[in-house]
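Chemist: Enclosed is the structure file model_33.pdb (PDB, C-alpha atoms, pLDDT in the B column).
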ATOM      1  CA  TRP D  20       0.000   0.000   0.000  1.00 48.00           C
ATOM      2  CA  GLU D  21       2.802   2.399   0.857  1.00 53.00           C
ATOM      3  CA  THR D  22       4.349   1.768  -2.561  1.00 56.00           C
ATOM      4  CA  TRP D  23       1.139   2.878  -4.204  1.00 52.00           C
ATOM      5  CA  GLU D  24       1.260   6.128  -2.181  1.00 56.00           C
ATOM      6  CA  TRP D  25       4.741   7.147  -3.362  1.00 51.00           C
ATOM      7  CA  PRO D  26       3.654   8.859  -6.627  1.00 59.00           C
ATOM      8  CA  SER D  27       1.125  10.985  -4.815  1.00 61.00           C
ATOM      9  CA  LYS D  28       3.647  11.852  -2.083  1.00 57.00           C
ATOM     10  CA  ILE D  29       6.237  12.842  -4.693  1.00 56.00           C
ATOM     11  CA  GLU D  30       3.680  14.956  -6.542  1.00 61.00           C
ATOM     12  CA  GLU D  31       2.688  16.639  -3.281  1.00 56.00           C
ATOM     13  CA  ALA D  32       6.333  17.298  -2.405  1.00 55.00           C
ATOM     14  CA  LEU D  33       6.998  18.764  -5.843  1.00 53.00           C
ATOM     15  CA  HIS D  34       3.902  20.938  -5.551  1.00 57.00           C
ATOM     16  CA  ASN D  35       4.964  22.180  -2.124  1.00 55.00           C
ATOM     17  CA  ARG D  36       8.462  22.899  -3.410  1.00 58.00           C
ATOM     18  CA  ALA D  37       7.038  24.791  -6.372  1.00 59.00           C
ATOM     19  CA  ASP D  38       4.908  26.875  -4.033  1.00 58.00           C
ATOM     20  CA  ALA D  39       7.955  27.564  -1.861  1.00 58.00           C
ATOM     21  CA  LEU D  40      10.045  28.607  -4.867  1.00 56.00           C
ATOM     22  CA  LYS D  41       7.241  30.833  -6.100  1.00 64.00           C
ATOM     23  CA  ALA D  42       6.928  32.478  -2.692  1.00 66.00           C
ATOM     24  CA  GLU D  43      10.702  32.931  -2.515  1.00 68.00           C
ATOM     25  CA  HIS D  44      10.744  34.442  -6.004  1.00 59.00           C
ATOM     26  CA  GLU D  45       7.934  36.846  -5.119  1.00 71.00           C
ATOM     27  CA  LYS D  46       9.790  37.875  -1.964  1.00 74.00           C
ATOM     28  CA  MET D  47      12.955  38.539  -3.935  1.00 66.00           C
ATOM     29  CA  MET D  48      10.939  40.567  -6.447  1.00 69.00           C
ATOM     30  CA  ASN D  49       9.325  42.609  -3.666  1.00 77.00           C
ATOM     31  CA  ASP D  50      12.674  43.170  -1.922  1.00 80.00           C
ATOM     32  CA  LEU D  51      14.249  44.257  -5.188  1.00 78.00           C
ATOM     33  CA  ASP D  52      11.375  46.605  -5.943  1.00 85.00           C
ATOM     34  CA  LYS D  53      11.759  48.241  -2.525  1.00 88.00           C
ATOM     35  CA  GLU D  54      15.530  48.610  -2.974  1.00 89.00           C
ATOM     36  CA  ARG D  55      15.070  50.036  -6.472  1.00 88.00           C
ATOM     37  CA  THR D  56      12.600  52.618  -5.165  1.00 90.00           C
ATOM     38  CA  LYS D  57      14.953  53.533  -2.323  1.00 92.00           C
ATOM     39  CA  PHE D  58      17.884  53.755  -4.756  1.00 92.00           C
ATOM     40  CA  GLU D  59      15.962  56.055  -7.107  1.00 93.00           C
ATOM     41  CA  ARG D  60      15.409  58.440  -4.188  1.00 93.00           C
ATOM     42  CA  VAL D  61      19.158  58.400  -3.519  1.00 93.00           C
ATOM     43  CA  VAL D  62      19.893  59.174  -7.179  1.00 95.00           C
ATOM     44  CA  LYS D  63      17.345  61.969  -7.166  1.00 94.00           C
ATOM     45  CA  SER D  64      19.070  63.522  -4.141  1.00 94.00           C
ATOM     46  CA  LEU D  65      22.357  63.740  -6.074  1.00 96.00           C
ATOM     47  CA  VAL D  66      20.983  66.180  -8.656  1.00 93.00           C
ATOM     48  CA  PRO D  67      20.581  69.253  -6.400  1.00 94.00           C
ATOM     49  CA  ARG D  68      24.054  68.592  -4.969  1.00 96.00           C
ATOM     50  CA  VAL D  69      25.483  68.679  -8.482  1.00 96.00           C
ATOM     51  CA  LYS D  70      23.635  71.902  -9.283  1.00 95.00           C
ATOM     52  CA  ILE D  71      25.266  73.618  -6.300  1.00 96.00           C
ATOM     53  CA  PHE D  72      28.623  73.243  -8.054  1.00 97.00           C
ATOM     54  CA  GLN D  73      27.240  75.141 -11.017  1.00 96.00           C
ATOM     55  CA  LYS D  74      27.181  78.226  -8.772  1.00 96.00           C
ATOM     56  CA  TYR D  75      30.542  77.916  -6.996  1.00 97.00           C
ATOM     57  CA  GLY D  76      32.982  80.666  -7.920  1.00 96.00           C
ATOM     58  CA  ASP D  77      34.793  81.645  -4.726  1.00 97.00           C
ATOM     59  CA  ILE D  78      38.373  80.375  -4.965  1.00 97.00           C
ATOM     60  CA  LEU D  79      38.940  81.332  -1.328  1.00 96.00           C
ATOM     61  CA  GLN D  80      36.608  78.442  -0.443  1.00 97.00           C
ATOM     62  CA  MET D  81      38.651  76.023  -2.552  1.00 97.00           C
ATOM     63  CA  LYS D  82      39.531  73.526   0.194  1.00 97.00           C
ATOM     64  CA  THR D  83      35.929  73.150   1.353  1.00 97.00           C
ATOM     65  CA  ILE D  84      34.642  72.906  -2.218  1.00 98.00           C
ATOM     66  CA  VAL D  85      37.265  70.319  -3.164  1.00 98.00           C
ATOM     67  CA  ASP D  86      36.370  68.216  -0.121  1.00 98.00           C
ATOM     68  CA  ASP D  87      32.689  68.409  -1.089  1.00 98.00           C
ATOM     69  CA  ALA D  88      33.524  67.514  -4.684  1.00 98.00           C
ATOM     70  CA  ILE D  89      35.514  64.440  -3.663  1.00 98.00           C
ATOM     71  CA  THR D  90      32.683  63.317  -1.374  1.00 97.00           C
ATOM     72  CA  LEU D  91      30.080  63.759  -4.100  1.00 98.00           C
ATOM     73  CA  ASP D  92      32.290  61.940  -6.591  1.00 98.00           C
ATOM     74  CA  GLU D  93      32.519  58.987  -4.193  1.00 97.00           C
ATOM     75  CA  ASN D  94      28.739  59.058  -3.730  1.00 97.00           C
ATOM     76  CA  ILE D  95      28.188  58.949  -7.488  1.00 97.00           C
ATOM     77  CA  LYS D  96      30.675  56.086  -7.905  1.00 97.00           C
ATOM     78  CA  ASN D  97      28.965  54.138  -5.110  1.00 96.00           C
ATOM     79  CA  ALA D  98      25.594  54.786  -6.731  1.00 96.00           C
ATOM     80  CA  LYS D  99      26.885  53.437 -10.054  1.00 96.00           C
ATOM     81  CA  GLU D 100      28.105  50.273  -8.336  1.00 95.00           C
ATOM     82  CA  LEU D 101      24.728  49.820  -6.649  1.00 94.00           C
ATOM     83  CA  ALA D 102      22.956  50.401  -9.976  1.00 95.00           C
ATOM     84  CA  ASN D 103      25.028  47.598 -11.498  1.00 93.00           C
ATOM     85  CA  GLU D 104      24.153  45.304  -8.600  1.00 91.00           C
ATOM     86  CA  ILE D 105      20.439  46.052  -8.985  1.00 88.00           C
ATOM     87  CA  ASN D 106      20.623  45.424 -12.727  1.00 90.00           C
ATOM     88  CA  ALA D 107      22.428  42.109 -12.158  1.00 87.00           C
ATOM     89  CA  ARG D 108      19.701  40.965  -9.754  1.00 83.00           C
ATOM     90  CA  GLU D 109      17.008  42.056 -12.214  1.00 84.00           C
ATOM     91  CA  ILE D 110      18.576  39.942 -14.941  1.00 84.00           C
ATOM     92  CA  THR D 111      18.871  36.972 -12.568  1.00 82.00           C
ATOM     93  CA  LEU D 112      15.153  37.244 -11.825  1.00 76.00           C
ATOM     94  CA  GLY D 113      14.326  37.356 -15.524  1.00 77.00           C
ATOM     95  CA  LEU D 114      13.625  41.082 -15.645  1.00 78.00           C
ATOM     96  CA  GLY D 115      15.013  43.707 -17.979  1.00 81.00           C
ATOM     97  CA  ASP D 116      17.715  45.867 -16.405  1.00 83.00           C
ATOM     98  CA  THR D 117      16.350  49.242 -15.349  1.00 87.00           C
ATOM     99  CA  PRO D 118      18.155  52.301 -16.778  1.00 90.00           C
ATOM    100  CA  PHE D 119      18.957  55.140 -14.410  1.00 92.00           C
ATOM    101  CA  PRO D 120      19.266  58.157 -16.730  1.00 93.00           C
ATOM    102  CA  LEU D 121      19.203  60.603 -13.827  1.00 95.00           C
ATOM    103  CA  LEU D 122      22.377  59.049 -12.437  1.00 96.00           C
ATOM    104  CA  GLU D 123      24.106  59.243 -15.808  1.00 95.00           C
ATOM    105  CA  GLU D 124      23.015  62.865 -16.200  1.00 95.00           C
ATOM    106  CA  ALA D 125      24.228  63.778 -12.702  1.00 96.00           C
ATOM    107  CA  GLU D 126      27.636  62.275 -13.463  1.00 96.00           C
ATOM    108  CA  ARG D 127      27.861  64.023 -16.843  1.00 96.00           C
ATOM    109  CA  LEU D 128      27.004  67.421 -15.372  1.00 96.00           C
ATOM    110  CA  PHE D 129      29.297  66.989 -12.388  1.00 97.00           C
ATOM    111  CA  ASN D 130      32.459  65.779 -14.116  1.00 97.00           C
ATOM    112  CA  PRO D 131      33.700  69.165 -15.442  1.00 98.00           C
ATOM    113  CA  HIS D 132      33.156  70.773 -12.026  1.00 98.00           C
ATOM    114  CA  LEU D 133      35.037  67.966 -10.313  1.00 98.00           C
ATOM    115  CA  LYS D 134      37.830  68.350 -12.858  1.00 98.00           C
ATOM    116  CA  LEU D 135      37.912  72.130 -12.339  1.00 98.00           C
ATOM    117  CA  TRP D 136      38.296  72.157  -8.572  1.00 98.00           C
ATOM    118  CA  THR D 137      40.619  69.158  -8.258  1.00 98.00           C
ATOM    119  CA  THR D 138      42.836  70.491 -11.055  1.00 98.00           C
ATOM    120  CA  LEU D 139      43.020  73.912  -9.416  1.00 98.00           C
ATOM    121  CA  SER D 140      43.860  72.359  -6.054  1.00 98.00           C
ATOM    122  CA  ASP D 141      46.462  69.975  -7.495  1.00 98.00           C
ATOM    123  CA  PHE D 142      48.133  72.721  -9.528  1.00 98.00           C
ATOM    124  CA  ARG D 143      48.371  75.083  -6.587  1.00 97.00           C
ATOM    125  CA  HIS D 144      49.890  72.402  -4.387  1.00 97.00           C
ATOM    126  CA  SER D 145      52.371  71.489  -7.107  1.00 97.00           C
ATOM    127  CA  LYS D 146      53.212  75.130  -7.767  1.00 96.00           C
ATOM    128  CA  GLU D 147      53.905  75.715  -4.092  1.00 96.00           C
ATOM    129  CA  ASP D 148      56.270  72.722  -4.077  1.00 95.00           C
ATOM    130  CA  TRP D 149      58.017  73.968  -7.212  1.00 94.00           C
ATOM    131  CA  LEU D 150      58.390  77.536  -5.974  1.00 93.00           C
ATOM    132  CA  GLU D 151      59.176  76.946  -2.308  1.00 94.00           C
ATOM    133  CA  GLY D 152      60.745  73.492  -2.312  1.00 92.00           C
ATOM    134  CA  PRO D 153      64.450  72.816  -2.886  1.00 90.00           C
ATOM    135  CA  PHE D 154      65.294  73.775  -6.459  1.00 86.00           C
ATOM    136  CA  GLU D 155      67.736  70.874  -6.687  1.00 82.00           C
ATOM    137  CA  THR D 156      64.877  68.370  -6.344  1.00 86.00           C
ATOM    138  CA  LEU D 157      62.921  69.688  -9.343  1.00 88.00           C
ATOM    139  CA  VAL D 158      62.595  67.335 -12.314  1.00 89.00           C
ATOM    140  CA  ALA D 159      62.226  69.568 -15.351  1.00 91.00           C
ATOM    141  CA  SER D 160      60.463  67.016 -17.558  1.00 91.00           C
ATOM    142  CA  GLU D 161      57.839  66.292 -14.884  1.00 94.00           C
ATOM    143  CA  VAL D 162      57.191  69.976 -14.185  1.00 95.00           C
ATOM    144  CA  SER D 163      56.940  70.792 -17.890  1.00 94.00           C
ATOM    145  CA  ALA D 164      54.562  67.891 -18.548  1.00 96.00           C
ATOM    146  CA  GLU D 165      52.260  68.754 -15.642  1.00 97.00           C
ATOM    147  CA  VAL D 166      52.126  72.447 -16.565  1.00 97.00           C
ATOM    148  CA  SER D 167      51.354  71.585 -20.196  1.00 97.00           C
ATOM    149  CA  ASN D 168      48.651  69.106 -19.220  1.00 98.00           C
ATOM    150  CA  THR D 169      47.075  71.536 -16.743  1.00 98.00           C
ATOM    151  CA  PHE D 170      47.095  74.278 -19.362  1.00 98.00           C
ATOM    152  CA  ASP D 171      45.212  72.023 -21.810  1.00 98.00           C
ATOM    153  CA  ILE D 172      42.655  71.101 -19.137  1.00 98.00           C
ATOM    154  CA  ALA D 173      42.115  74.732 -18.150  1.00 98.00           C
ATOM    155  CA  PHE D 174      41.724  75.729 -21.801  1.00 97.00           C
ATOM    156  CA  LYS D 175      38.996  73.117 -22.326  1.00 98.00           C
ATOM    157  CA  LEU D 176      37.235  73.899 -19.043  1.00 98.00           C
ATOM    158  CA  ARG D 177      36.924  77.583 -19.951  1.00 96.00           C
ATOM    159  CA  LYS D 178      34.837  76.572 -22.956  1.00 96.00           C
ATOM    160  CA  GLU D 179      32.968  73.763 -21.259  1.00 96.00           C
ATOM    161  CA  LEU D 180      31.928  75.884 -18.274  1.00 97.00           C
ATOM    162  CA  SER D 181      31.383  79.161 -20.106  1.00 96.00           C
ATOM    163  CA  SER D 182      27.627  79.106 -19.410  1.00 96.00           C
ATOM    164  CA  TYR D 183      28.169  79.059 -15.620  1.00 96.00           C
ATOM    165  CA  SER D 184      29.233  82.396 -14.191  1.00 95.00           C
ATOM    166  CA  GLY D 185      31.063  81.214 -11.068  1.00 97.00           C
ATOM    167  CA  PRO D 186      32.818  78.143 -12.514  1.00 97.00           C
ATOM    168  CA  SER D 187      33.712  80.095 -15.656  1.00 97.00           C
ATOM    169  CA  THR D 188      35.476  82.681 -13.496  1.00 97.00           C
ATOM    170  CA  VAL D 189      37.400  79.951 -11.683  1.00 98.00           C
ATOM    171  CA  ALA D 190      38.348  78.238 -14.957  1.00 98.00           C
ATOM    172  CA  THR D 191      39.664  81.531 -16.334  1.00 97.00           C
ATOM    173  CA  ALA D 192      41.618  82.164 -13.140  1.00 97.00           C
ATOM    174  CA  LEU D 193      43.166  78.694 -13.413  1.00 98.00           C
ATOM    175  CA  PHE D 194      44.022  79.274 -17.072  1.00 98.00           C
ATOM    176  CA  ASP D 195      45.675  82.632 -16.314  1.00 97.00           C
ATOM    177  CA  GLU D 196      47.559  81.173 -13.352  1.00 97.00           C
ATOM    178  CA  VAL D 197      48.979  78.324 -15.415  1.00 97.00           C
ATOM    179  CA  LYS D 198      49.810  80.655 -18.308  1.00 96.00           C
ATOM    180  CA  LEU D 199      51.735  82.931 -15.951  1.00 95.00           C
ATOM    181  CA  PHE D 200      53.686  80.038 -14.481  1.00 94.00           C
ATOM    182  CA  GLN D 201      54.632  78.891 -17.981  1.00 94.00           C
ATOM    183  CA  THR D 202      57.070  81.808 -18.050  1.00 88.00           C
ATOM    184  CA  ASP D 203      59.085  79.980 -15.357  1.00 88.00           C
ATOM    185  CA  VAL D 204      59.171  76.664 -17.217  1.00 91.00           C
ATOM    186  CA  PRO D 205      62.070  77.594 -19.574  1.00 88.00           C
ATOM    187  CA  LEU D 206      64.147  78.479 -16.517  1.00 85.00           C
ATOM    188  CA  ILE D 207      63.309  75.169 -14.850  1.00 88.00           C
ATOM    189  CA  VAL D 208      64.077  73.235 -18.049  1.00 86.00           C
ATOM    190  CA  ALA D 209      67.410  75.060 -18.391  1.00 81.00           C
ATOM    191  CA  LEU D 210      68.541  74.632 -14.800  1.00 80.00           C
ATOM    192  CA  ALA D 211      66.664  71.772 -13.132  1.00 77.00           C
ATOM    193  CA  SER D 212      68.984  69.057 -14.353  1.00 69.00           C
ATOM    194  CA  PRO D 213      70.400  66.279 -12.157  1.00 65.00           C
ATOM    195  CA  ALA D 214      73.586  66.560 -14.229  1.00 66.00           C
ATOM    196  CA  LEU D 215      74.344  70.022 -12.822  1.00 66.00           C
ATOM    197  CA  ARG D 216      76.925  70.028 -10.035  1.00 66.00           C
ATOM    198  CA  HIS D 217      78.211  72.755  -7.748  1.00 70.00           C
ATOM    199  CA  ARG D 218      80.968  73.674 -10.233  1.00 71.00           C
ATOM    200  CA  HIS D 219      78.339  74.237 -12.913  1.00 68.00           C
ATOM    201  CA  TRP D 220      76.455  76.643 -10.647  1.00 71.00           C
ATOM    202  CA  VAL D 221      79.686  78.490  -9.920  1.00 75.00           C
ATOM    203  CA  GLU D 222      80.238  78.841 -13.670  1.00 76.00           C
ATOM    204  CA  ILE D 223      76.654  80.061 -14.156  1.00 73.00           C
ATOM    205  CA  ALA D 224      77.143  82.581 -11.340  1.00 72.00           C
ATOM    206  CA  ASN D 225      80.393  83.810 -12.912  1.00 76.00           C
ATOM    207  CA  ARG D 226      78.728  84.255 -16.312  1.00 74.00           C
ATOM    208  CA  CYS D 227      75.850  86.151 -14.700  1.00 69.00           C
ATOM    209  CA  GLY D 228      78.214  88.170 -12.532  1.00 70.00           C
ATOM    210  CA  SER D 229      76.517  87.273  -9.250  1.00 67.00           C
ATOM    211  CA  ASP D 230      77.188  84.722  -6.517  1.00 67.00           C
ATOM    212  CA  ASP D 231      73.472  84.927  -5.711  1.00 64.00           C
ATOM    213  CA  PHE D 232      72.831  82.319  -8.382  1.00 68.00           C
ATOM    214  CA  ILE D 233      74.890  79.550  -6.774  1.00 71.00           C
ATOM    215  CA  VAL D 234      72.340  76.890  -5.844  1.00 73.00           C
ATOM    216  CA  ASP D 235      72.512  74.792  -2.685  1.00 76.00           C
ATOM    217  CA  GLU D 236      70.055  72.529  -0.870  1.00 81.00           C
ATOM    218  CA  GLU D 237      68.182  75.522   0.566  1.00 85.00           C
ATOM    219  CA  THR D 238      67.786  77.457  -2.676  1.00 84.00           C
ATOM    220  CA  THR D 239      64.242  77.735  -4.046  1.00 91.00           C
ATOM    221  CA  LEU D 240      62.898  78.745  -7.439  1.00 88.00           C
ATOM    222  CA  ASN D 241      61.238  81.756  -5.844  1.00 90.00           C
ATOM    223  CA  ALA D 242      64.573  82.884  -4.450  1.00 86.00           C
ATOM    224  CA  LEU D 243      66.261  82.626  -7.854  1.00 83.00           C
ATOM    225  CA  VAL D 244      63.450  84.531  -9.554  1.00 83.00           C
ATOM    226  CA  ASP D 245      63.501  87.238  -6.865  1.00 84.00           C
ATOM    227  CA  LYS D 246      67.223  87.645  -7.440  1.00 80.00           C
ATOM    228  CA  GLY D 247      66.578  88.233 -11.135  1.00 79.00           C
ATOM    229  CA  ILE D 248      67.910  85.055 -12.694  1.00 78.00           C
ATOM    230  CA  LYS D 249      65.321  85.298 -15.489  1.00 77.00           C
ATOM    231  CA  ASP D 250      67.222  88.282 -16.836  1.00 75.00           C
ATOM    232  CA  TYR D 251      70.162  85.967 -17.523  1.00 70.00           C
ATOM    233  CA  LEU D 252      68.235  83.100 -19.088  1.00 70.00           C
ATOM    234  CA  THR D 253      69.770  83.729 -22.513  1.00 70.00           C
ATOM    235  CA  THR D 254      73.250  83.759 -20.991  1.00 67.00           C
ATOM    236  CA  ILE D 255      72.547  80.521 -19.139  1.00 63.00           C
TER     237      ILE D 255
END
Please rewrite the model in this file as structure tokens.
Modeler:
Amino acid sequence: WETWEWPSKIEEALHNRADALKAEHEKMMNDLDKERTKFERVVKSLVPRVKIFQKYGDILQMKTIVDDAITLDENIKNAKELANEINAREITLGLGDTPFPLLEEAERLFNPHLKLWTTLSDFRHSKEDWLEGPFETLVASEVSAEVSNTFDIAFKLRKELSSYSGPSTVATALFDEVKLFQTDVPLIVALASPALRHRHWVEIANRCGSDDFIVDEETTLNALVDKGIKDYLTTI
């Protein structure tokens, strides 16, 4: 008799398992729907934060603005990762992956502002190192490459951000600052060479007629410029 019952027991077990799988699938769908709704609210909250950067134009607030920009950039990157995770779960459940155009738009609008403030900050830190750090540690090729790259970025940002009053002002200030520093690059290229030894600096000083141009470990680019070494660049 028990043998005759096996088919019905198997059918019942399969039915129960099917019901359990269906319930589990529905729960996963509901959980995903809730997470997607919550995520869309997060994405929506990014937009007004991006728009704030379209008004920033006070360079004196650079540190605070850069910190905010880095935080927002991390938030956008995290949101993109979460969007990918949601899409992967949707595909696993047999759904089409949901696009998040608002997230893509927020990233597109934010990128030039992020580039503006981080480039300005990086250039100013580098410039301070170049001007106030030991001249002997300067690597001419690295300085020249960074100045050239920053100039190109600033040139593009002036055009890209021209419709925003504050950011456009900052982009122009960055462009002018880099352009001004470019006048020091020939001097750095001429003198910031690891091949130069003390005897070479003595010879340069003799040709320029001033011992002020003898470089030691404490000499800075600012000090050389203040002493008028640019006037002797052709001689050097």
Chemist: Measuring atom to atom with all atoms listed in the file, identify which of D:Leu240, D:Leu121, D:Ala88, D:Leu79 is nearest to Ser64 (chain D).
Modeler: D:Leu121
Chemist: Which residue, D:Gln201, D:Ser182, D:Gln73, D:Ser160, has the smallest gap to Ala125 (chain D) when you use all atoms listed in the file?
Modeler: D:Gln73
Chemist: Convert the output of the PyMOL selection byres ((chain D and resi 92-105) around 9) on the shown file into explicit residues, formatted as JSON, numbers by chain.
Modeler: {"D": [51, 54, 55, 58, 61, 62, 65, 87, 88, 89, 90, 91, 106, 107, 108, 109, 110, 116, 117, 118, 119, 122, 123, 125, 126, 129, 130, 133]}
Chemist: If I take CA of Thr111 (chain D) and CA of Lys57 (chain D), how far is one from the other in Å, to one decimal?
Modeler: 19.9 Å
Chemist: If we count all atoms listed in the file and set the cut-off at 7 Å, which residues sit around Phe194 (chain D), ignoring sequence neighbours fewer than 2 positions away in its own chain? Please answer as a PyMOL selection string.
Modeler: chain D and resi 170+173-174+190-192+196-198
Chemist: Print the selection's residues with C-alpha atoms to a file, as an mmCIF file, in the coordinates of the input.
Modeler:
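So again_12.cif came out as:
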data_model
loop_
_atom_site.group_PDB
_atom_site.id
_atom_site.type_symbol
_atom_site.label_atom_id
_atom_site.label_comp_id
_atom_site.auth_asym_id
_atom_site.auth_seq_id
_atom_site.Cartn_x
_atom_site.Cartn_y
_atom_site.Cartn_z
ATOM 1 C CA PHE D 170 47.095 74.278 -19.362
ATOM 2 C CA ALA D 173 42.115 74.732 -18.150
ATOM 3 C CA PHE D 174 41.724 75.729 -21.801
ATOM 4 C CA ALA D 190 38.348 78.238 -14.957
ATOM 5 C CA THR D 191 39.664 81.531 -16.334
ATOM 6 C CA ALA D 192 41.618 82.164 -13.140
ATOM 7 C CA GLU D 196 47.559 81.173 -13.352
ATOM 8 C CA VAL D 197 48.979 78.324 -15.415
ATOM 9 C CA LYS D 198 49.810 80.655 -18.308
#
Chemist: Find the residues around Asp77 (chain D) up to 9 Å (all atoms listed in the file counted), leave out those fewer than 3 positions away in its own chain, and share them as a ChimeraX atom specification.
Modeler: /D:80-81,185-186,188-189
